[in-house]
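entry-v8.txt (compact mmCIF, C-alpha atoms) appears below.
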```txt
# COMPACT_ATOMS: atom_id res chain seq x y z
CA MET K 1 -13.20 -6.20 24.64
CA SER K 2 -16.71 -7.60 24.26
CA ALA K 3 -17.52 -10.58 22.04
CA LEU K 4 -19.49 -9.97 18.83
CA LEU K 5 -21.68 -12.36 16.86
CA PHE K 6 -22.40 -11.36 13.26
CA THR K 7 -25.44 -13.04 11.75
CA GLY K 8 -28.09 -12.50 9.09
CA GLY K 9 -25.74 -11.23 6.41
CA ARG K 10 -23.88 -12.36 3.31
CA PHE K 11 -20.30 -13.57 3.65
CA LEU K 12 -17.52 -12.55 1.24
CA ASP K 13 -14.65 -15.00 1.02
CA PRO K 14 -11.98 -13.51 -1.30
CA SER K 15 -10.87 -16.99 -2.37
CA LYS K 16 -14.32 -17.45 -3.96
CA ASP K 17 -16.12 -15.35 -6.55
CA ALA K 18 -19.55 -15.15 -4.95
CA LEU K 19 -21.20 -14.26 -1.67
CA LEU K 20 -22.30 -16.98 0.71
CA ASP K 21 -25.51 -16.87 2.71
CA GLY K 22 -26.23 -18.24 6.17
CA ILE K 23 -22.76 -17.78 7.68
CA ASP K 24 -22.32 -16.73 11.32
CA VAL K 25 -19.05 -15.16 12.53
CA LEU K 26 -18.03 -14.97 16.20
CA VAL K 27 -15.39 -12.47 17.36
CA GLU K 28 -13.72 -12.54 20.77
CA ASP K 29 -10.82 -10.44 22.06
CA GLY K 30 -10.22 -8.86 18.68
CA ARG K 31 -9.94 -12.11 16.74
CA ILE K 32 -12.28 -14.33 14.80
CA VAL K 33 -12.87 -17.52 16.76
CA GLU K 34 -15.60 -19.26 14.74
CA VAL K 35 -17.08 -19.15 11.24
CA SER K 36 -20.02 -21.49 10.76
CA GLU K 37 -22.73 -22.42 8.28
CA HIS K 38 -24.87 -23.25 11.30
CA PRO K 39 -26.16 -20.83 13.95
CA ILE K 40 -23.51 -20.06 16.56
CA ARG K 41 -24.67 -20.12 20.18
CA SER K 42 -23.07 -17.60 22.50
CA THR K 43 -24.45 -16.23 25.74
CA SER K 44 -21.75 -13.56 26.12
CA ALA K 45 -21.55 -12.11 22.60
CA THR K 46 -23.40 -9.04 21.41
CA ARG K 47 -25.56 -10.20 18.51
CA ILE K 48 -25.32 -8.04 15.39
CA ASP K 49 -27.96 -8.66 12.73
CA LEU K 50 -26.51 -7.56 9.40
CA GLY K 51 -29.91 -7.44 7.71
CA GLY K 52 -28.63 -8.95 4.46
CA ARG K 53 -25.56 -6.73 4.18
CA THR K 54 -22.16 -8.09 3.15
CA LEU K 55 -19.50 -8.98 5.72
CA MET K 56 -16.00 -8.94 4.22
CA PRO K 57 -12.36 -8.62 5.33
CA GLY K 58 -10.87 -5.16 5.80
CA LEU K 59 -9.04 -3.76 2.78
CA ILE K 60 -5.24 -3.62 2.42
CA ASP K 61 -3.32 -0.91 0.54
CA CYS K 62 0.25 -2.01 -0.18
CA HIS K 63 1.66 1.29 -1.41
CA LEU K 64 1.06 4.46 0.59
CA HIS K 65 3.14 7.32 1.98
CA VAL K 66 1.29 8.44 5.08
CA VAL K 67 3.82 11.18 5.91
CA SER K 68 3.38 12.76 2.48
CA THR K 69 1.26 15.72 3.51
CA THR K 70 1.82 17.81 0.38
CA VAL K 71 2.63 17.11 -3.26
CA ASP K 72 5.69 19.36 -2.99
CA GLY K 73 8.33 16.98 -1.66
CA SER K 74 10.78 19.73 -0.72
CA ALA K 75 8.13 21.56 1.30
CA ASN K 76 7.22 18.29 2.99
CA THR K 77 10.86 17.79 4.01
CA LEU K 78 11.21 21.35 5.32
CA ALA K 79 8.13 21.08 7.55
CA PRO K 80 8.82 20.35 11.24
CA SER K 81 8.63 16.64 12.04
CA SER K 82 6.05 17.30 14.76
CA LEU K 83 3.75 18.97 12.23
CA ILE K 84 4.18 16.10 9.76
CA ALA K 85 3.38 13.56 12.50
CA LEU K 86 0.17 15.35 13.47
CA LYS K 87 -0.91 15.64 9.83
CA ALA K 88 -0.05 11.98 9.25
CA GLY K 89 -2.36 11.09 12.15
CA ARG K 90 -5.23 12.81 10.36
CA ILE K 91 -4.34 11.01 7.12
CA LEU K 92 -4.31 7.64 8.89
CA GLU K 93 -7.74 8.28 10.41
CA THR K 94 -9.13 9.11 6.97
CA ILE K 95 -7.61 5.98 5.43
CA LEU K 96 -9.30 3.79 8.05
CA GLN K 97 -12.65 5.45 7.38
CA ARG K 98 -12.31 4.36 3.74
CA GLY K 99 -12.25 0.72 4.87
CA PHE K 100 -8.48 0.14 4.73
CA THR K 101 -7.63 -1.66 7.95
CA THR K 102 -3.99 -2.37 7.00
CA VAL K 103 -1.60 -0.26 4.94
CA ARG K 104 1.98 -0.90 3.86
CA ASP K 105 3.87 2.37 3.91
CA CYS K 106 6.40 2.28 1.09
CA CYS K 107 8.85 4.67 2.75
CA GLY K 108 8.53 7.58 5.11
CA ALA K 109 6.57 6.45 8.15
CA ASP K 110 8.52 5.56 11.28
CA LEU K 111 8.09 3.35 14.32
CA GLY K 112 6.52 6.22 16.28
CA LEU K 113 3.49 6.21 14.00
CA VAL K 114 3.19 2.43 14.34
CA MET K 115 3.25 2.80 18.12
CA ALA K 116 0.73 5.65 18.04
CA ILE K 117 -1.77 3.36 16.31
CA GLU K 118 -1.02 0.37 18.53
CA GLN K 119 -1.41 2.49 21.68
CA GLY K 120 -4.65 4.08 20.49
CA VAL K 121 -3.24 7.60 20.18
CA VAL K 122 -4.37 7.61 16.54
CA ASP K 123 -7.38 5.78 15.11
CA GLY K 124 -5.66 4.40 12.05
CA PRO K 125 -5.11 1.20 10.09
CA ARG K 126 -2.50 -1.39 11.01
CA LEU K 127 0.76 0.08 9.67
CA ILE K 128 3.53 -1.96 8.00
CA ILE K 129 6.60 0.23 7.43
CA SER K 130 9.84 0.22 5.44
CA GLY K 131 11.31 3.25 7.21
CA LYS K 132 13.26 5.58 4.93
CA GLY K 133 13.53 4.62 1.28
CA LEU K 134 17.09 4.07 0.06
CA THR K 135 18.15 6.14 -2.95
CA GLN K 136 21.40 6.75 -4.76
CA THR K 137 22.72 10.27 -5.29
CA GLY K 138 20.47 11.84 -7.92
CA GLY K 139 17.92 9.06 -7.47
CA HIS K 140 14.17 9.13 -7.02
CA CYS K 141 14.24 10.19 -3.35
CA ASP K 142 16.96 12.83 -3.87
CA GLN K 143 14.90 16.05 -3.74
CA ARG K 144 17.84 18.40 -4.53
CA VAL K 145 17.55 20.47 -7.70
CA ARG K 146 20.65 20.73 -9.88
CA THR K 147 21.77 24.02 -8.32
CA ASP K 148 21.51 22.67 -4.76
CA ASP K 149 25.04 21.92 -3.52
CA ARG K 150 24.09 20.66 -0.07
CA THR K 151 25.49 17.30 0.92
CA GLN K 152 23.16 17.01 3.94
CA VAL K 153 19.48 17.12 3.01
CA MET K 154 17.71 16.82 6.37
CA GLU K 155 17.23 13.07 6.15
CA GLU K 156 16.34 13.07 9.83
CA ARG K 157 13.09 14.95 9.12
CA LEU K 158 9.94 12.81 9.17
CA GLY K 159 8.71 14.53 6.00
CA ASN K 160 11.73 13.31 4.04
CA LEU K 161 10.69 9.96 2.60
CA GLY K 162 14.18 8.73 1.84
CA ARG K 163 17.90 8.79 2.57
CA ILE K 164 20.79 9.04 0.12
CA VAL K 165 23.09 6.02 0.26
CA ASP K 166 25.88 5.11 -2.18
CA GLY K 167 28.23 2.13 -2.28
CA VAL K 168 27.81 -1.51 -1.32
CA ASP K 169 28.98 -1.19 2.28
CA ASN K 170 26.90 1.91 2.93
CA CYS K 171 23.85 0.21 1.41
CA ARG K 172 24.32 -2.76 3.72
CA LEU K 173 24.60 -0.46 6.73
CA ALA K 174 21.53 1.57 5.72
CA ALA K 175 19.41 -1.55 5.27
CA ARG K 176 20.51 -2.83 8.66
CA GLU K 177 19.74 0.52 10.26
CA GLU K 178 16.21 0.71 8.84
CA LEU K 179 15.51 -2.87 9.93
CA ARG K 180 16.86 -2.12 13.41
CA LYS K 181 14.54 0.88 13.68
CA GLY K 182 11.45 -1.24 12.97
CA ALA K 183 11.18 -1.63 9.19
CA LYS K 184 9.35 -4.79 8.15
CA PHE K 185 10.85 -4.68 4.64
CA VAL K 186 13.38 -2.50 2.79
CA LYS K 187 12.42 -0.04 0.04
CA ILE K 188 14.87 1.03 -2.69
CA MET K 189 14.63 3.37 -5.66
CA ALA K 190 15.83 1.40 -8.69
CA ASN K 191 14.46 3.61 -11.49
CA GLY K 192 13.74 7.24 -12.33
CA GLY K 193 10.58 8.85 -10.98
CA VAL K 194 7.94 11.46 -11.69
CA SER K 195 8.24 13.68 -8.61
CA SER K 196 12.06 13.72 -8.31
CA PRO K 197 13.83 16.68 -9.98
CA THR K 198 16.97 15.32 -11.67
CA ASP K 199 16.30 11.75 -12.83
CA PRO K 200 14.47 10.92 -16.07
CA ILE K 201 12.04 7.99 -15.97
CA HIS K 202 14.38 5.73 -17.94
CA SER K 203 17.37 6.17 -15.59
CA ILE K 204 18.55 2.92 -13.98
CA GLN K 205 19.44 3.39 -10.33
CA TYR K 206 21.75 1.45 -8.02
CA SER K 207 24.34 -0.99 -9.27
CA ARG K 208 23.57 -4.68 -9.27
CA ASP K 209 26.05 -5.20 -6.44
CA GLU K 210 24.33 -2.53 -4.33
CA ILE K 211 20.90 -4.06 -4.89
CA LYS K 212 22.16 -7.59 -4.17
CA ALA K 213 23.75 -6.40 -0.93
CA ILE K 214 20.47 -4.84 0.23
CA VAL K 215 18.54 -7.96 -0.79
CA GLU K 216 20.96 -10.14 1.19
CA GLU K 217 20.54 -8.00 4.30
CA ALA K 218 16.74 -8.14 4.01
CA GLU K 219 16.79 -11.91 3.50
CA ASN K 220 19.12 -12.31 6.48
CA ALA K 221 16.48 -10.51 8.55
CA GLY K 222 13.72 -12.77 7.22
CA THR K 223 12.13 -10.23 4.93
CA TYR K 224 12.41 -8.77 1.41
CA VAL K 225 13.20 -5.74 -0.74
CA SER K 226 10.63 -3.57 -2.48
CA ALA K 227 11.75 -1.52 -5.49
CA HIS K 228 10.40 1.56 -7.24
CA VAL K 229 10.50 0.51 -10.93
CA TYR K 230 8.80 1.65 -14.13
CA THR K 231 10.77 0.48 -17.17
CA ASP K 232 11.05 -3.08 -18.38
CA LYS K 233 14.84 -2.98 -18.08
CA ALA K 234 14.74 -1.80 -14.47
CA ILE K 235 12.11 -4.38 -13.53
CA ARG K 236 14.04 -7.28 -15.08
CA ARG K 237 17.23 -6.14 -13.38
CA ALA K 238 15.52 -5.90 -10.00
CA VAL K 239 14.05 -9.39 -10.33
CA GLU K 240 17.41 -10.83 -11.34
CA CYS K 241 18.94 -9.24 -8.22
CA GLY K 242 16.33 -10.84 -5.95
CA VAL K 243 13.83 -8.01 -5.41
CA HIS K 244 10.47 -9.41 -4.33
CA SER K 245 8.01 -6.48 -4.42
CA LEU K 246 7.81 -4.52 -7.68
CA GLU K 247 6.18 -1.10 -7.29
CA HIS K 248 4.35 0.52 -10.26
CA CYS K 249 5.63 -1.55 -13.26
CA ASN K 250 3.88 0.67 -15.81
CA LEU K 251 6.26 -0.13 -18.69
CA ILE K 252 6.66 -3.87 -18.07
CA GLN K 253 6.72 -6.26 -21.04
CA SER K 254 5.45 -9.84 -21.27
CA ASP K 255 8.79 -11.69 -21.01
CA THR K 256 9.80 -9.75 -17.90
CA ALA K 257 6.36 -10.22 -16.34
CA ARG K 258 6.71 -13.99 -16.80
CA LEU K 259 10.21 -13.89 -15.33
CA ALA K 260 8.91 -12.02 -12.30
CA ALA K 261 6.03 -14.48 -11.87
CA GLU K 262 8.43 -17.44 -12.03
CA ALA K 263 10.62 -15.77 -9.39
CA GLY K 264 7.63 -15.49 -7.03
CA ALA K 265 7.56 -11.70 -7.13
CA ILE K 266 4.46 -9.56 -6.51
CA ALA K 267 3.66 -6.36 -8.43
CA VAL K 268 1.91 -3.32 -6.98
CA PRO K 269 0.36 -1.14 -9.72
CA THR K 270 -0.56 2.36 -8.56
CA LEU K 271 -2.47 3.87 -11.47
CA VAL K 272 -4.51 6.37 -9.52
CA ALA K 273 -1.31 8.20 -8.56
CA TYR K 274 -0.83 9.39 -12.14
CA GLU K 275 -4.49 10.31 -12.53
CA GLY K 276 -4.27 12.44 -9.41
CA LEU K 277 -1.04 14.11 -10.54
CA ALA K 278 -2.49 14.80 -13.99
CA LEU K 279 -5.64 16.31 -12.51
CA GLU K 280 -4.16 18.54 -9.83
CA GLY K 281 -0.45 17.91 -9.38
CA GLU K 282 0.75 21.31 -10.58
CA ARG K 283 -1.90 23.08 -8.52
CA PHE K 284 -0.43 21.59 -5.35
CA GLY K 285 3.23 22.19 -6.12
CA LEU K 286 4.38 19.58 -8.65
CA SER K 287 7.05 21.14 -10.85
CA LYS K 288 6.45 21.56 -14.57
CA GLU K 289 9.38 19.24 -15.26
CA ALA K 290 7.82 16.52 -13.10
CA ALA K 291 4.39 17.08 -14.64
CA ALA K 292 5.88 16.48 -18.09
CA LYS K 293 6.97 12.97 -17.01
CA ILE K 294 3.49 11.84 -16.02
CA GLU K 295 2.21 10.87 -19.46
CA ILE K 296 5.18 8.56 -20.04
CA VAL K 297 3.93 6.17 -17.38
CA ARG K 298 0.24 7.07 -17.28
CA LYS K 299 -0.64 5.92 -20.78
CA ALA K 300 1.01 2.52 -20.36
CA GLY K 301 -0.56 1.79 -16.98
CA LEU K 302 -3.75 0.07 -18.11
CA GLU K 303 -1.85 -2.06 -20.63
CA SER K 304 0.53 -3.17 -17.88
CA LEU K 305 -2.40 -4.69 -15.95
CA SER K 306 -3.25 -6.99 -18.87
CA ILE K 307 0.41 -7.92 -19.39
CA MET K 308 0.92 -8.87 -15.74
CA ARG K 309 -2.38 -10.72 -15.49
CA ASP K 310 -1.66 -12.78 -18.63
CA ALA K 311 1.81 -13.62 -17.27
CA GLY K 312 0.38 -14.86 -13.97
CA LEU K 313 2.17 -12.16 -11.96
CA PRO K 314 0.18 -11.51 -8.75
CA MET K 315 -0.83 -7.90 -8.13
CA ALA K 316 -1.50 -6.25 -4.79
CA PHE K 317 -3.63 -3.11 -4.44
CA GLY K 318 -1.73 0.19 -4.16
CA SER K 319 -2.43 3.90 -4.51
CA ASP K 320 0.78 5.96 -3.95
CA LEU K 321 -1.02 9.32 -3.86
CA LEU K 322 0.93 12.28 -2.53
CA GLY K 323 -0.32 14.86 -0.06
CA GLU K 324 -3.50 16.64 -1.11
CA LEU K 325 -4.12 14.04 -3.85
CA GLN K 326 -4.93 11.31 -1.32
CA LYS K 327 -8.58 12.33 -1.67
CA TYR K 328 -8.55 10.26 -4.89
CA HIS K 329 -7.54 7.11 -2.97
CA THR K 330 -10.50 4.85 -3.77
CA MET K 331 -10.57 5.86 -7.44
CA GLU K 332 -8.01 3.08 -7.91
CA PHE K 333 -10.84 0.51 -7.72
CA GLU K 334 -12.61 2.13 -10.67
CA ILE K 335 -9.41 2.35 -12.72
CA LEU K 336 -8.52 -1.32 -12.12
CA ALA K 337 -12.06 -2.33 -13.08
CA ARG K 338 -11.44 -1.06 -16.62
CA VAL K 339 -9.18 -4.08 -17.15
CA LEU K 340 -9.42 -6.59 -14.29
CA PRO K 341 -12.38 -8.73 -13.14
CA THR K 342 -13.90 -7.62 -9.84
CA ALA K 343 -12.93 -10.82 -8.03
CA GLU K 344 -9.25 -10.25 -8.89
CA ILE K 345 -9.39 -6.67 -7.63
CA ILE K 346 -10.88 -7.82 -4.32
CA ARG K 347 -8.17 -10.49 -3.98
CA SER K 348 -5.51 -7.86 -4.66
CA ALA K 349 -6.82 -5.77 -1.75
CA THR K 350 -7.16 -8.74 0.62
CA LEU K 351 -5.36 -12.06 0.09
CA ILE K 352 -2.46 -10.83 -2.03
CA GLY K 353 -2.01 -7.74 0.14
CA ALA K 354 -1.86 -9.96 3.22
CA LYS K 355 0.87 -12.05 1.61
CA LEU K 356 2.94 -8.97 0.77
CA CYS K 357 2.54 -7.72 4.34
CA LYS K 358 3.75 -11.14 5.56
CA LEU K 359 0.48 -11.53 7.47
CA GLU K 360 -1.20 -14.39 5.63
CA GLY K 361 -3.97 -15.88 7.72
CA GLU K 362 -3.89 -12.82 9.99
CA ILE K 363 -5.51 -10.24 7.71
CA GLY K 364 -7.39 -10.24 4.41
CA VAL K 365 -9.54 -13.22 5.46
CA ILE K 366 -12.45 -14.05 7.70
CA ALA K 367 -11.27 -17.28 9.30
CA PRO K 368 -10.67 -18.64 12.79
CA GLY K 369 -7.54 -17.11 14.29
CA ALA K 370 -7.48 -14.08 12.00
CA GLN K 371 -7.62 -10.51 13.19
CA ALA K 372 -11.21 -9.24 13.29
CA ASP K 373 -10.65 -6.64 10.59
CA LEU K 374 -14.13 -6.47 9.09
CA LEU K 375 -16.27 -4.33 6.81
CA VAL K 376 -20.05 -4.32 6.55
CA VAL K 377 -20.91 -3.24 3.01
CA ASP K 378 -24.35 -2.16 1.80
CA GLY K 379 -24.53 -4.41 -1.24
CA ASP K 380 -22.51 -6.90 -3.26
CA PRO K 381 -18.97 -5.71 -4.14
CA TYR K 382 -18.68 -8.49 -6.73
CA ALA K 383 -21.61 -6.96 -8.60
CA ASP K 384 -20.49 -3.37 -8.07
CA ILE K 385 -16.85 -2.65 -7.17
CA THR K 386 -17.67 1.03 -6.59
CA LEU K 387 -19.23 -0.02 -3.29
CA LEU K 388 -15.61 -0.09 -2.07
CA ALA K 389 -15.01 3.44 -3.40
CA ASP K 390 -16.56 6.78 -2.40
CA ASP K 391 -14.51 7.04 0.82
CA GLY K 392 -16.43 4.39 2.72
CA ALA K 393 -19.86 5.85 1.96
CA HIS K 394 -21.29 2.37 1.31
CA MET K 395 -19.84 0.83 4.47
CA SER K 396 -22.16 0.63 7.47
CA ALA K 397 -19.42 -0.59 9.78
CA ILE K 398 -15.62 -0.72 9.90
CA LEU K 399 -13.76 -2.78 12.50
CA ARG K 400 -10.05 -3.24 13.11
CA GLY K 401 -9.01 -5.82 15.66
CA GLY K 402 -12.61 -6.33 16.76
CA ARG K 403 -13.18 -2.65 17.58
CA PHE K 404 -15.73 -0.52 15.75
CA TYR K 405 -14.29 2.61 14.13
CA LYS K 406 -17.54 3.23 12.26
CA ASN K 407 -20.96 1.82 13.06
CA THR K 408 -24.22 3.01 11.50
CA LEU K 409 -25.93 -0.37 11.61
CA HIS K 410 -28.43 0.71 14.25
```

Same coordinates, now as structure tokens:
Amino acid sequence: MSALLFTGGRFLDPSKDALLDGIDVLVEDGRIVEVSEHPIRSTSATRIDLGGRTLMPGLIDCHLHVVSTTVDGSANTLAPSSLIALKAGRILETILQRGFTTVRDCCGADLGLVMAIEQGVVDGPRLIISGKGLTQTGGHCDQRVRTDDRTQVMEERLGNLGRIVDGVDNCRLAAREELRKGAKFVKIMANGGVSSPTDPIHSIQYSRDEIKAIVEEAENAGTYVSAHVYTDKAIRRAVECGVHSLEHCNLIQSDTARLAAEAGAIAVPTLVAYEGLALEGERFGLSKEAAAKIEIVRKAGLESLSIMRDAGLPMAFGSDLLGELQKYHTMEFEILARVLPTAEIIRSATLIGAKLCKLEGEIGVIAPGAQADLLVVDGDPYADITLLADDGAHMSAILRGGRFYKNTLH
């Protein structure tokens, strides 16, 4: 892999709130080896004059389902795994072209997709997986309608995002199995959901003992548990049981947000998911019962951002769009900007995302030793966050691991 020397641009450091001029960045063998305020001399590197454009770290999305190829979860499960894998490859390629160089899949993707990216079979972002999501009977990943008496629900299919697990011992075993198969963290469903057919939003899922057992297994493996949670009660309960990553959090209240912050938890709001479902969910197969749940969490979403920010609870960027709705991916930037300052949004999609992926210093930064995941943006994202939207339209170049996946600089 050839060396690259980026010069003549503006440098975005997410830990600061402004662009820096006069910074040179040298990349060798897929990693950043030097960042300097002074001109870098290199006889072997290809010199890339940025012409005043912005050089920034690649974006990180901490809540995606790359094997969700359709809004209809049952249809997704019924599809052959080979078809889901091929469609997921296309989805991953599209995600990378939006400037997301790392994504954390919050249940569904398997080790085969990780290997496909690492081996260059698919041009996608770095993929951090949880394997199958763990759900109780009748929980958020249980796709059976009330008249479905099957006890086996094709959990082996790639298009099935979760597996049904009940009881402390079975939960321990399931967590161990997902970790053995390559999961980097464990995902559980601890609250009712929009797309699942038999659980109202307010339903509390998994006993405390079950959650604590899963948390212990994750901690024993050096990682953490991520939980699907909406209501304040479910969030508080998850935090008290040791859950680290709190997905959605639309109905969180101030006291619980402070408790979560004190516990060192990280929240992942996913507001664009509800916008997408409200716009076109029913068109693509969302049931009328599920569609009726959307407004419960949608209206409170923006308020939850202010509550978590005021409590000091860190937030990572997430989208959580299903199937055909993934075209709305980058709309999340515009929604967040209604409440949060631009600098905080950029940190959520870089530094905080890196921490949640357990890759601090590796991604989300431009610093010596980090992966050369880089974006060249035509303008100042601090002045206009929509430069990170529009499906990468404002990005002249996208690199992951020092390799160009888009380059219109010359």

task: Would you list the contacts of K:Ser226 as a ChimeraX atom specification, taking every protein, DNA or RNA residue within 12 Å and counting only C-alpha atoms, but skipping same-chain residues closer than 3 positions in sequence?
output: /K:62-63,104-107,129-131,133-134,175,183-190,211,214-215,218-219,223,229,235,238-239,241-248,265-268,356-357

- Write out as a PyMOL selection string which residues come within 12 Å of K:Leu302 when counting all atoms listed in the file, dropping same-chain ones fewer than 2 positions away. chain K and resi 248-252+269-272+274-275+297-300+304-309+332+334-340

A straight line from atom CA of K:Ile40 to atom CA of K:Asp24 spans 6.3 Å

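Distances here use only C-alpha atoms; by that measure, the residue among K:Asp110, K:Asp391, K:Glu289, K:Asp49 closest to K:Val67 is K:Asp110.
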
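Closest to K:Met395 among K:Leu158, K:Met56, K:Met315, K:Ala85 is K:Met56, based on all atoms listed in the file.
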
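Closest approach to K:Ser74 from the set K:Gly401, K:Pro341, K:Gly285, K:Gly192 is made by K:Gly285, with distances taken over only C-alpha atoms.
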
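Atom CA of K:Pro125 is positioned 19.1 Å from atom CA of K:Glu324.
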
Closest of K:Glu210, K:Glu295, K:Asp72, K:Asp373 to K:Phe404, counting all atoms listed in the file, is K:Asp373

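Non-sequential neighbours of K:Ile32 (distance at most 9 Å, separation of 3 or more positions within a chain, all atoms listed in the file) are K:Val25, K:Leu26, K:Val27, K:Glu28, K:Asp29, K:Val35, K:Ile366, K:Ala367, K:Pro368, K:Gly369, K:Ala370, K:Gln371, K:Ala372, K:Asp373, K:Gly402.
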
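Across the structure, atom CA of K:Ala234 and atom CA of K:Ile204 are spaced 6.1 Å apart.
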
Counting all atoms listed in the file, closest pick from K:Thr69, K:Ser287, K:Ser44, K:Ser2 relative to K:Gly159 is K:Thr69

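Closest to K:His228 among K:Lys327, K:Arg400, K:Lys132, K:His140 is K:His140, based on only C-alpha atoms.
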
Self-check item: Selection near K:Ala75, 12 Å with all atoms listed in the file, sequence-local residues under 3 positions removed, as a ChimeraX atom specification
Solution: /K:68-72,78-81,84,143-144,154,157-161,284-286,323

Per residue of stretch 245-355 of chain K within 10 Å of stretch 93-98 of chain K, record the nearest atom pair and its distance in Å to one decimal, counting only C-alpha atoms, with rows in chain order and ascending residue number, as JSON lines.
```
{"residue": "K:Gln326", "atom": "CA", "partner": "K:Ile95", "partner_atom": "CA", "distance": 9.0}
{"residue": "K:Lys327", "atom": "CA", "partner": "K:Thr94", "partner_atom": "CA", "distance": 9.2}
{"residue": "K:His329", "atom": "CA", "partner": "K:Ile95", "partner_atom": "CA", "distance": 8.5}
{"residue": "K:Thr330", "atom": "CA", "partner": "K:Arg98", "partner_atom": "CA", "distance": 7.7}
```

Residues as selected, C-alpha atoms, written as a JSON list (two decimals), in the coordinates of the input, can you do that?
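Now in part_29.json:
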```json
[["chain", "number", "residue", "atom", "x", "y", "z"],
["K", 326, "GLN", "CA", -4.93, 11.31, -1.32],
["K", 327, "LYS", "CA", -8.58, 12.33, -1.67],
["K", 329, "HIS", "CA", -7.54, 7.11, -2.97],
["K", 330, "THR", "CA", -10.50, 4.85, -3.77]]
```

task: List every protein, DNA or RNA residue that has an atom no more than 6 Å from (-3.7, 13.4, -7.0) in the file's coordinate frame, counting only C-alpha atoms, and report them as JSON, numbers by chain.
output: {"K": [273, 276, 277, 280, 321, 325]}

Next item on the list: Quick one: residues within 6 Å of (-11.7, 1.4, 9.2) (file frame), counting only C-alpha atoms, please, as a ChimeraX atom specification.
Entry: /K:96-97,99-101,398-399,405
